[in-house]
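Read through the structure below, which is laid out as structure tokens, and then see the notes.
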Amino acid sequence: MKFKTEIDIAINKFIGKKGTLIPLLQNAQDIEGYLSKKVMSYISEKTGIKLAHIYGVATFYTMFRLKAQGKHIIRVCKGTACHVSDANSIMNEINNLLGLSGEEDTTKDKKFTVMPVACLGCCSLAPVIMVDDNTYGKLTPDSIGKILKKYE
Amino acid sequence: MSLVIKVGLASCGLAAGAGEVYETILKHVKKNGIDATVKKTACIGMCFVEPLVEIYEEEKKSITYGDVTSENVGNIIDAFSKGKPIEENVIMSNILKGSENKTYKKQKRIVLRNCGIIDPVSIDDYLATEGYKALEKSVKDISRENIINEIKNSGLRGRGGAGFPTGLKWEFAYNAKSEKKYIVCNADEGDPGAFMDRSVLEGDPHSVIEGMIIGAYAIGADEGYIYCRAEYPLAIKHLEIAIEQATEKGYIGNKIFGTDFNFDLHIKEGAGAFVCGEETALMASIEGKRGMPTIRPPFPAQSGLWGKPTNINNVETFANIAWIILNGANEYAKYGTEKSKGTKVFALAGKIKNSGLIEVPMGMPLKDVIYDVGGGMKTEKPFKGVQLGGPSGGCLPAELLDTIVDYDSINKTGAIMGSGGMVVMDTSSCMVDIAKFFLNFTQNESCGKCTFCRIGTKRMLEILTRITEGKGKMEDLDTLEELSQNIIKGSLCGLGQTAPNPVLTTLKYFREEYIAHIKDKTCPAGVCTALLKYEVIEDKCIGCTVCAMKCPVNCISGERKQVHNIDQDACIKCGACYDACKFDAIKKG
């Protein structure tokens with residue numbers, strides 16, 4: 001298994017402490033980029049938490065991803081303020097530029113993963129997207145190309 | 001004299017480019033040898049003119065500039081230091097005419113008292129504004145019963161949305177007999193269109209922490225959790241710093257202010273589930289489980305986190321506590337209406353001019369909030385509706401703008417106060433589409449436990465989708481209403497019980513728009529793509545060919561300098577031609 005040492009460190013940090021499964025999984029996801037079957041089984045083995053419980057938690061919360069994701073994450077805000085400011089056209093333009101059909105969310109070269117999010121809380125700058133940890137606001141479809149170029 | 005320059009560096013400011021402005025100021029000041037202290041602050045609430053920079057020698061003579069850029073900030077500073085401040089882009093000032101001087105005065109800032117004024121990650125700044133004085137007074141001089149009475153007398157009600165009296169909630173937890181109790185802060189602000197909690201946590205984390213410690217002391221808890229959504233990285237960072245500082249100063253830890261009161265505080269990051277805003281689901285999530293609500297009773301005050309008595313309040317509720325202890329319940333209760341005391345923070349967004357964060361006394365009519373404090377509509381398009389309370393709330397039409405901001409008056413309309421999201425819409429928004437938008441959200445976020453919420457919202461969404469595609473029937477409206485009533489009755493938690501509200505309120509106040517979709521197969525707002533038709537207006541078309549070049553499916557034909565034509569069967573209704581035409585020769589309808 002890749003990243004075994006790092007995953008072990010994460011497990012040791014949380015093992016035996018109550019209510020730490022979610023932070024442990026967040027940690028593991030940060031290391032691997034997503035939660036693979038192998039890693040979830042390994043965590044179950046080491047911590048004694050049933051695999052079904054781990055899988056249940058991993059599938060419940062939208063933040064956990066069970067598939068490999070791109071190097072950069074583009075979060076497209078779909079909150080109310082963005083919706084009324086035509087966030088759909090922003091989403092379409094991103095998919096267009098990255099050649100995504102809307103069904104797949106990660107580009108073939110694994111550079112970008114696009115995901116809709118409920119709200120980024122920057123409603124006054126609607127429509128908004130977040131690339132990794134950077135937020136971009138007051139967007140129009142024309143402004144997307146320039147932003148994506150920064151991450152190529 | 002030395003200058004003070006403050007830059008607003010909350011998430012909204014950063015997104016608007018405030019980080020770059022801050023760096024430019026540092027360089028400019030250094031390069032030109034200007035005697036100035038450059039300070040970071042958070043959000044003053046005027047997000048619509050970010051980046052914001054405040055500059056003064058004496059605080060009484062300050063000027064706040066909006067829309068500041070790296071290019072113009074140098075001139076602003078130079079002119080100010082020469083005693084001839086630039087008079088353009090002045091947002092607020094006590095010496096110059098600022099565009100928002102008046103709107104700001106209509107607010108009453110209790111929760112936001114420090115936001116945008118102090119450096120949020122400096123405990124010394126917070127202490128300088130009487131920070132932690134309320135905690136000291138509480139643990140040293142006030143009995144636990146009297147703190148609870150004070151909060152009860154203040155009339156403070158839960159700011160998370162439901163409006164349960166906070167003092168009463170504390171009393172329940174206080175009366176529970178247990179060696180171990182917990183206090184929890186709900187910072188899982190999941191409502192799309194709301195950012196009050198984010199701004200308070202980013203801008204004044206200590207006020208929330210102080211409120212929590214006072215609450216813990218009052219109910220007899222020695223451990224607390226702040227459950228914050230992971231989508232707010234800056235809020236989490238500021239909380240971490242604030243907790244560390246408070247621990248260093250001895251406000252968190254053992255023997256606080258030399259008393260026998262001990263308190264420990266942790267942050268739990270959410271993992272993206274709207275239902276975790278519901279208190280029983282939130283506790284399940286803190287315990288590391290799927291965040292699914294459970295039946296009440298037992299209420300958290302009897303059996304909450306890990307089976308122990310637990311008190312949960314929202315960020316804004318906690319941010320009020322220290323102010324009430326210091327200024328007294330009577331002072332707080334001076335603001336507001338008979339049953340809703342104090343102030344309420346709202347996040348104004350959508351098609352409103354002054355989008356951002358405001359705090360107004362309860363009892364103010366919605367009309368005043370939108371037109372006076374919010375500055376009215378952003379464009380010339382007229383007001384159509386205001387959405388209150390997010391996915392649990394409703395849309396109110398212009399006729400109801402005299403409704404005052406208090407829990408009971410807003411509930412009467414079918415909307416709810418909610419946590420404070422207020423999205424203003426003009427005639428370019430379609431109300432059926434808005435109802436569909438919220439149903440899509442709740443349907444996605446339903447945890448799946450209750451059948452009516454899980455399947456009922458799905459069926460409602462299917463019906464709404466059908467209507468927006470022009471395939472609706474008049475009977476659908478009755479089915480929507482019937483399903484709504486059953487979902488309200490058949491759901492365990494607030495998510496399901498309130499999920500139909502956006503549909504019910506739009507059906508009540510904007511029914512004719514549903515009928516237009518069903519009977520006339522048109523979308524009056526021009527939003528629902530399936531019902532749109534783009535046509536060339538022959539008199540206006542000069543044959544410039546721009547639309548034909550922009551069309552992604554090549555369905556526009558016509559020779560240069562000849563009237564063009566759109567092939568309706570091939571048109572995908574993307575609107576590219578409509579946006580591209582400089583002669584307004586394309587009609588959308």
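Residues in the structure tokens are numbered from 1 in each chain, the chains being A, B, ... in the order shown, and ligands are numbered from 1 in the order shown.
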
_When you look at segment 104-112 of chain A with a cut-off of 12 Å (counting only C-alpha atoms), what residues show up, excluding the ones that are within fewer than 5 positions of it in the same chain? I need them as a ChimeraX atom specification._
/A:33,65,67-76,91,94-99,131-132,148-149,151-152

Could you save the residues just selected, with C-alpha atoms, as a PDB file, in the first residue's frame?
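Written output follows (out-v2.pdb):
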```pdb
ATOM      1  CA  GLY A  33      -6.164  12.463  -2.281  1.00  0.00           C
ATOM      2  CA  ARG A  65     -14.296  10.957  -2.151  1.00  0.00           C
ATOM      3  CA  LYS A  67     -12.405   7.989  -6.473  1.00  0.00           C
ATOM      4  CA  ALA A  68      -9.028   9.504  -7.343  1.00  0.00           C
ATOM      5  CA  GLN A  69      -9.306  13.218  -7.969  1.00  0.00           C
ATOM      6  CA  GLY A  70      -7.401  15.801  -9.974  1.00  0.00           C
ATOM      7  CA  LYS A  71      -4.459  17.854  -8.774  1.00  0.00           C
ATOM      8  CA  HIS A  72      -6.599  20.988  -8.466  1.00  0.00           C
ATOM      9  CA  ILE A  73     -10.121  21.006  -7.092  1.00  0.00           C
ATOM     10  CA  ILE A  74     -12.543  23.507  -8.569  1.00  0.00           C
ATOM     11  CA  ARG A  75     -15.539  24.092  -6.327  1.00  0.00           C
ATOM     12  CA  VAL A  76     -18.388  25.776  -8.127  1.00  0.00           C
ATOM     13  CA  MET A  91     -20.387  25.590 -14.494  1.00  0.00           C
ATOM     14  CA  ILE A  94     -15.752  25.313 -16.884  1.00  0.00           C
ATOM     15  CA  ASN A  95     -16.951  21.962 -18.218  1.00  0.00           C
ATOM     16  CA  ASN A  96     -16.617  23.326 -21.739  1.00  0.00           C
ATOM     17  CA  LEU A  97     -13.055  24.530 -21.296  1.00  0.00           C
ATOM     18  CA  LEU A  98     -11.950  21.348 -19.556  1.00  0.00           C
ATOM     19  CA  GLY A  99     -13.745  19.095 -21.999  1.00  0.00           C
ATOM     20  CA  VAL A 131      -9.869  26.687  -6.922  1.00  0.00           C
ATOM     21  CA  ASP A 132      -7.971  24.827  -4.190  1.00  0.00           C
ATOM     22  CA  LEU A 148      -7.897  28.181 -15.102  1.00  0.00           C
ATOM     23  CA  LYS A 149      -4.700  29.178 -16.924  1.00  0.00           C
ATOM     24  CA  TYR A 151      -3.306  26.383 -12.590  1.00  0.00           C
ATOM     25  CA  GLU A 152      -2.138  24.688 -15.770  1.00  0.00           C
TER      26      GLU A 152
END
```

*Show which residues sit within 10 Å of Ala576 of chain B, as a VMD selection string. Count only C-alpha atoms, and ignore same-chain residues fewer than 5 positions away.*
chain B and resid 547 to 552 581

Those residues you just picked out, can you put them in a file as a short mmCIF file (atom, residue, chain, number, x, y, z; two decimals), in the first residue's frame with N, CA and C atoms?
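The result, stored in selection-v2.cif:
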```cif
data_model
loop_
_atom_site.label_atom_id
_atom_site.label_comp_id
_atom_site.auth_asym_id
_atom_site.auth_seq_id
_atom_site.Cartn_x
_atom_site.Cartn_y
_atom_site.Cartn_z
N CYS B 547 -23.67 36.48 -34.32
CA CYS B 547 -24.44 35.44 -33.65
C CYS B 547 -24.15 34.07 -34.26
N ALA B 548 -24.07 34.04 -35.59
CA ALA B 548 -23.84 32.77 -36.26
C ALA B 548 -22.48 32.19 -35.89
N MET B 549 -21.51 33.09 -35.71
CA MET B 549 -20.18 32.61 -35.33
C MET B 549 -20.16 32.12 -33.89
N LYS B 550 -20.96 32.74 -33.02
CA LYS B 550 -20.98 32.35 -31.60
C LYS B 550 -21.77 31.07 -31.37
N CYS B 551 -22.71 30.76 -32.23
CA CYS B 551 -23.61 29.63 -31.98
C CYS B 551 -22.83 28.31 -31.93
N PRO B 552 -22.89 27.59 -30.79
CA PRO B 552 -22.09 26.38 -30.67
C PRO B 552 -22.61 25.22 -31.51
N CYS B 581 -25.28 39.53 -29.54
CA CYS B 581 -25.82 40.53 -30.45
C CYS B 581 -25.73 41.94 -29.88
#
```

*asked:* From a backbone DSSP assignment, name each residue in segment 44-94 of chain A labelled strand (DSSP E), as a PyMOL selection string.
replied: chain A and resi 72-77

Give me the chain A side of the contact with chain B, cut-off 8 Å, one line per residue showing its nearest atom pair and distance in Å at one decimal, counting only C-alpha atoms, sorted by chain and residue number, as CSV.
```
residue,atom,partner,partner_atom,distance
A:Lys18,CA,B:Glu287,CA,7.0
A:Gly19,CA,B:Glu287,CA,4.1
A:Thr20,CA,B:Gly288,CA,5.9
A:Leu21,CA,B:Gly288,CA,5.2
A:Ile22,CA,B:Gly288,CA,5.5
A:Pro23,CA,B:Glu269,CA,7.5
A:His53,CA,B:Lys289,CA,7.9
A:Gly56,CA,B:Arg290,CA,6.8
A:Val57,CA,B:Arg290,CA,5.1
A:Phe60,CA,B:Arg290,CA,6.1
A:Tyr61,CA,B:Gly272,CA,5.3
A:Thr62,CA,B:Gly272,CA,5.1
A:Met63,CA,B:Ala271,CA,5.3
A:Phe64,CA,B:Ala271,CA,7.4
A:Lys78,CA,B:Pro192,CA,7.8
A:Gly79,CA,B:Pro192,CA,4.4
A:Thr80,CA,B:Gly193,CA,5.1
A:Ala81,CA,B:Gly350,CA,4.8
A:Cys82,CA,B:Gly350,CA,7.7
A:Val84,CA,B:Ser429,CA,6.4
A:Ser85,CA,B:Gly350,CA,7.2
A:Ala118,CA,B:Pro192,CA,5.9
A:Cys119,CA,B:Pro192,CA,4.8
A:Leu120,CA,B:Glu231,CA,6.6
A:Gly121,CA,B:Phe195,CA,4.8
A:Cys122,CA,B:Cys12,CA,5.5
A:Cys123,CA,B:Ala349,CA,5.7
A:Ser124,CA,B:Ser355,CA,5.1
A:Leu125,CA,B:Phe48,CA,7.2
A:Ala126,CA,B:Gly350,CA,7.7
A:Asn134,CA,B:Ala15,CA,7.3
A:Thr135,CA,B:Ala15,CA,4.9
A:Tyr136,CA,B:Ala15,CA,5.3
A:Gly137,CA,B:Ala15,CA,6.1
```

_DSSP helix (DSSP H, G or I) residues within segment 116-198 of chain B, as JSON, numbers by chain_ = {"B": [123, 124, 125, 126, 127, 128, 133, 134, 135, 136, 137, 138, 139, 140, 141, 144, 145, 146, 147, 148, 149, 150, 151, 152, 153, 154, 166, 167, 168, 169, 170, 171, 172, 173, 174, 175, 196, 197, 198]}

For the residues in the current selection, export N, CA and C atoms as an mmCIF file, in the first residue's frame.
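To be explicit, this is the file written out as again-v1.cif:
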```cif
data_model
loop_
_atom_site.group_PDB
_atom_site.id
_atom_site.type_symbol
_atom_site.label_atom_id
_atom_site.label_comp_id
_atom_site.auth_asym_id
_atom_site.auth_seq_id
_atom_site.Cartn_x
_atom_site.Cartn_y
_atom_site.Cartn_z
ATOM 1 N N ILE B 123 -5.620 38.823 20.624
ATOM 2 C CA ILE B 123 -6.430 38.789 21.849
ATOM 3 C C ILE B 123 -6.327 40.141 22.557
ATOM 4 N N ASP B 124 -5.217 40.855 22.349
ATOM 5 C CA ASP B 124 -5.077 42.170 22.988
ATOM 6 C C ASP B 124 -6.112 43.154 22.446
ATOM 7 N N ASP B 125 -6.369 43.074 21.133
ATOM 8 C CA ASP B 125 -7.412 43.914 20.543
ATOM 9 C C ASP B 125 -8.760 43.600 21.191
ATOM 10 N N TYR B 126 -9.031 42.306 21.364
ATOM 11 C CA TYR B 126 -10.318 41.916 21.950
ATOM 12 C C TYR B 126 -10.397 42.379 23.408
ATOM 13 N N LEU B 127 -9.295 42.216 24.137
ATOM 14 C CA LEU B 127 -9.283 42.634 25.547
ATOM 15 C C LEU B 127 -9.502 44.143 25.667
ATOM 16 N N ALA B 128 -8.995 44.885 24.697
ATOM 17 C CA ALA B 128 -9.138 46.341 24.730
ATOM 18 C C ALA B 128 -10.588 46.788 24.550
ATOM 19 N N LYS B 133 -14.154 40.450 30.015
ATOM 20 C CA LYS B 133 -14.619 41.088 31.255
ATOM 21 C C LYS B 133 -15.913 40.423 31.726
ATOM 22 N N ALA B 134 -16.774 40.060 30.758
ATOM 23 C CA ALA B 134 -18.042 39.434 31.111
ATOM 24 C C ALA B 134 -17.797 38.067 31.737
ATOM 25 N N LEU B 135 -16.799 37.374 31.238
ATOM 26 C CA LEU B 135 -16.472 36.062 31.805
ATOM 27 C C LEU B 135 -15.971 36.226 33.234
ATOM 28 N N GLU B 136 -15.082 37.220 33.429
ATOM 29 C CA GLU B 136 -14.523 37.443 34.761
ATOM 30 C C GLU B 136 -15.642 37.767 35.749
ATOM 31 N N LYS B 137 -16.522 38.681 35.310
ATOM 32 C CA LYS B 137 -17.632 39.086 36.168
ATOM 33 C C LYS B 137 -18.511 37.869 36.495
ATOM 34 N N SER B 138 -18.762 37.044 35.480
ATOM 35 C CA SER B 138 -19.647 35.893 35.666
ATOM 36 C C SER B 138 -19.085 34.913 36.681
ATOM 37 N N VAL B 139 -17.847 34.476 36.461
ATOM 38 C CA VAL B 139 -17.338 33.411 37.335
ATOM 39 C C VAL B 139 -17.003 33.925 38.741
ATOM 40 N N LYS B 140 -16.675 35.205 38.828
ATOM 41 C CA LYS B 140 -16.302 35.723 40.152
ATOM 42 C C LYS B 140 -17.503 36.200 40.949
ATOM 43 N N ASP B 141 -18.410 36.909 40.287
ATOM 44 C CA ASP B 141 -19.428 37.634 41.063
ATOM 45 C C ASP B 141 -20.870 37.188 40.869
ATOM 46 N N ARG B 144 -24.576 30.958 39.177
ATOM 47 C CA ARG B 144 -24.976 30.322 37.920
ATOM 48 C C ARG B 144 -26.455 30.580 37.641
ATOM 49 N N GLU B 145 -27.259 30.519 38.705
ATOM 50 C CA GLU B 145 -28.700 30.750 38.533
ATOM 51 C C GLU B 145 -28.958 32.163 38.004
ATOM 52 N N ASN B 146 -28.193 33.121 38.536
ATOM 53 C CA ASN B 146 -28.430 34.504 38.121
ATOM 54 C C ASN B 146 -28.000 34.779 36.677
ATOM 55 N N ILE B 147 -26.971 34.059 36.223
ATOM 56 C CA ILE B 147 -26.590 34.214 34.807
ATOM 57 C C ILE B 147 -27.744 33.730 33.941
ATOM 58 N N ILE B 148 -28.268 32.565 34.300
ATOM 59 C CA ILE B 148 -29.378 32.003 33.516
ATOM 60 C C ILE B 148 -30.576 32.961 33.558
ATOM 61 N N ASN B 149 -30.861 33.513 34.734
ATOM 62 C CA ASN B 149 -31.964 34.472 34.836
ATOM 63 C C ASN B 149 -31.738 35.701 33.972
ATOM 64 N N GLU B 150 -30.492 36.162 33.966
ATOM 65 C CA GLU B 150 -30.164 37.346 33.166
ATOM 66 C C GLU B 150 -30.418 37.074 31.682
ATOM 67 N N ILE B 151 -29.994 35.909 31.228
ATOM 68 C CA ILE B 151 -30.204 35.562 29.811
ATOM 69 C C ILE B 151 -31.703 35.396 29.534
ATOM 70 N N LYS B 152 -32.402 34.799 30.510
ATOM 71 C CA LYS B 152 -33.859 34.664 30.344
ATOM 72 C C LYS B 152 -34.511 36.042 30.232
ATOM 73 N N ASN B 153 -34.117 36.947 31.130
ATOM 74 C CA ASN B 153 -34.717 38.287 31.137
ATOM 75 C C ASN B 153 -34.379 39.097 29.882
ATOM 76 N N SER B 154 -33.248 38.791 29.296
ATOM 77 C CA SER B 154 -32.864 39.546 28.095
ATOM 78 C C SER B 154 -33.801 39.225 26.935
ATOM 79 N N THR B 166 -33.114 31.126 24.768
ATOM 80 C CA THR B 166 -31.805 30.612 25.157
ATOM 81 C C THR B 166 -31.706 30.351 26.655
ATOM 82 N N GLY B 167 -32.217 31.290 27.464
ATOM 83 C CA GLY B 167 -32.133 31.133 28.916
ATOM 84 C C GLY B 167 -32.828 29.856 29.385
ATOM 85 N N LEU B 168 -33.960 29.580 28.769
ATOM 86 C CA LEU B 168 -34.724 28.375 29.127
ATOM 87 C C LEU B 168 -33.947 27.115 28.778
ATOM 88 N N LYS B 169 -33.312 27.156 27.616
ATOM 89 C CA LYS B 169 -32.502 26.018 27.170
ATOM 90 C C LYS B 169 -31.368 25.766 28.168
ATOM 91 N N TRP B 170 -30.737 26.868 28.600
ATOM 92 C CA TRP B 170 -29.650 26.750 29.572
ATOM 93 C C TRP B 170 -30.177 26.170 30.885
ATOM 94 N N GLU B 171 -31.383 26.599 31.263
ATOM 95 C CA GLU B 171 -31.946 26.125 32.526
ATOM 96 C C GLU B 171 -32.169 24.613 32.487
ATOM 97 N N PHE B 172 -32.665 24.116 31.342
ATOM 98 C CA PHE B 172 -32.861 22.657 31.218
ATOM 99 C C PHE B 172 -31.546 21.921 31.439
ATOM 100 N N ALA B 173 -30.478 22.414 30.807
ATOM 101 C CA ALA B 173 -29.182 21.745 30.931
ATOM 102 C C ALA B 173 -28.647 21.894 32.357
ATOM 103 N N TYR B 174 -28.904 23.060 32.968
ATOM 104 C CA TYR B 174 -28.461 23.301 34.347
ATOM 105 C C TYR B 174 -29.147 22.331 35.309
ATOM 106 N N ASN B 175 -30.444 22.099 35.077
ATOM 107 C CA ASN B 175 -31.205 21.223 35.972
ATOM 108 C C ASN B 175 -30.871 19.751 35.815
ATOM 109 N N MET B 196 -23.503 34.610 7.894
ATOM 110 C CA MET B 196 -23.375 35.381 9.120
ATOM 111 C C MET B 196 -22.334 34.756 10.049
ATOM 112 N N ASP B 197 -22.446 33.442 10.240
ATOM 113 C CA ASP B 197 -21.557 32.765 11.177
ATOM 114 C C ASP B 197 -20.112 32.839 10.710
ATOM 115 N N ARG B 198 -19.925 32.677 9.392
ATOM 116 C CA ARG B 198 -18.569 32.770 8.858
ATOM 117 C C ARG B 198 -17.941 34.114 9.219
#
```

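Our summary of the geometry notes that atom CA of Glu210 of chain B is positioned 8.4 Å from atom CA of Tyr251 of chain B.
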
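Computed from the coordinates, the atom CA of Val386 of chain B to atom CA of Gly496 of chain B distance equals 21.9 Å.
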
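Between Val315 of chain B and the residues B:Val200, B:Leu96, B:Ile586, B:Met474, the shortest atom-to-atom distance, using only C-alpha atoms, involves B:Val200.
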
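With only C-alpha atoms taken into account, the protein and nucleic acid residues at most 8 Å from Val73 of chain B (excluding it and anything under 3 positions from it in its own chain) are Val21, Thr24, Ile25, Val68, Thr69, Ser70, Ile76 and Ile77 of chain B.
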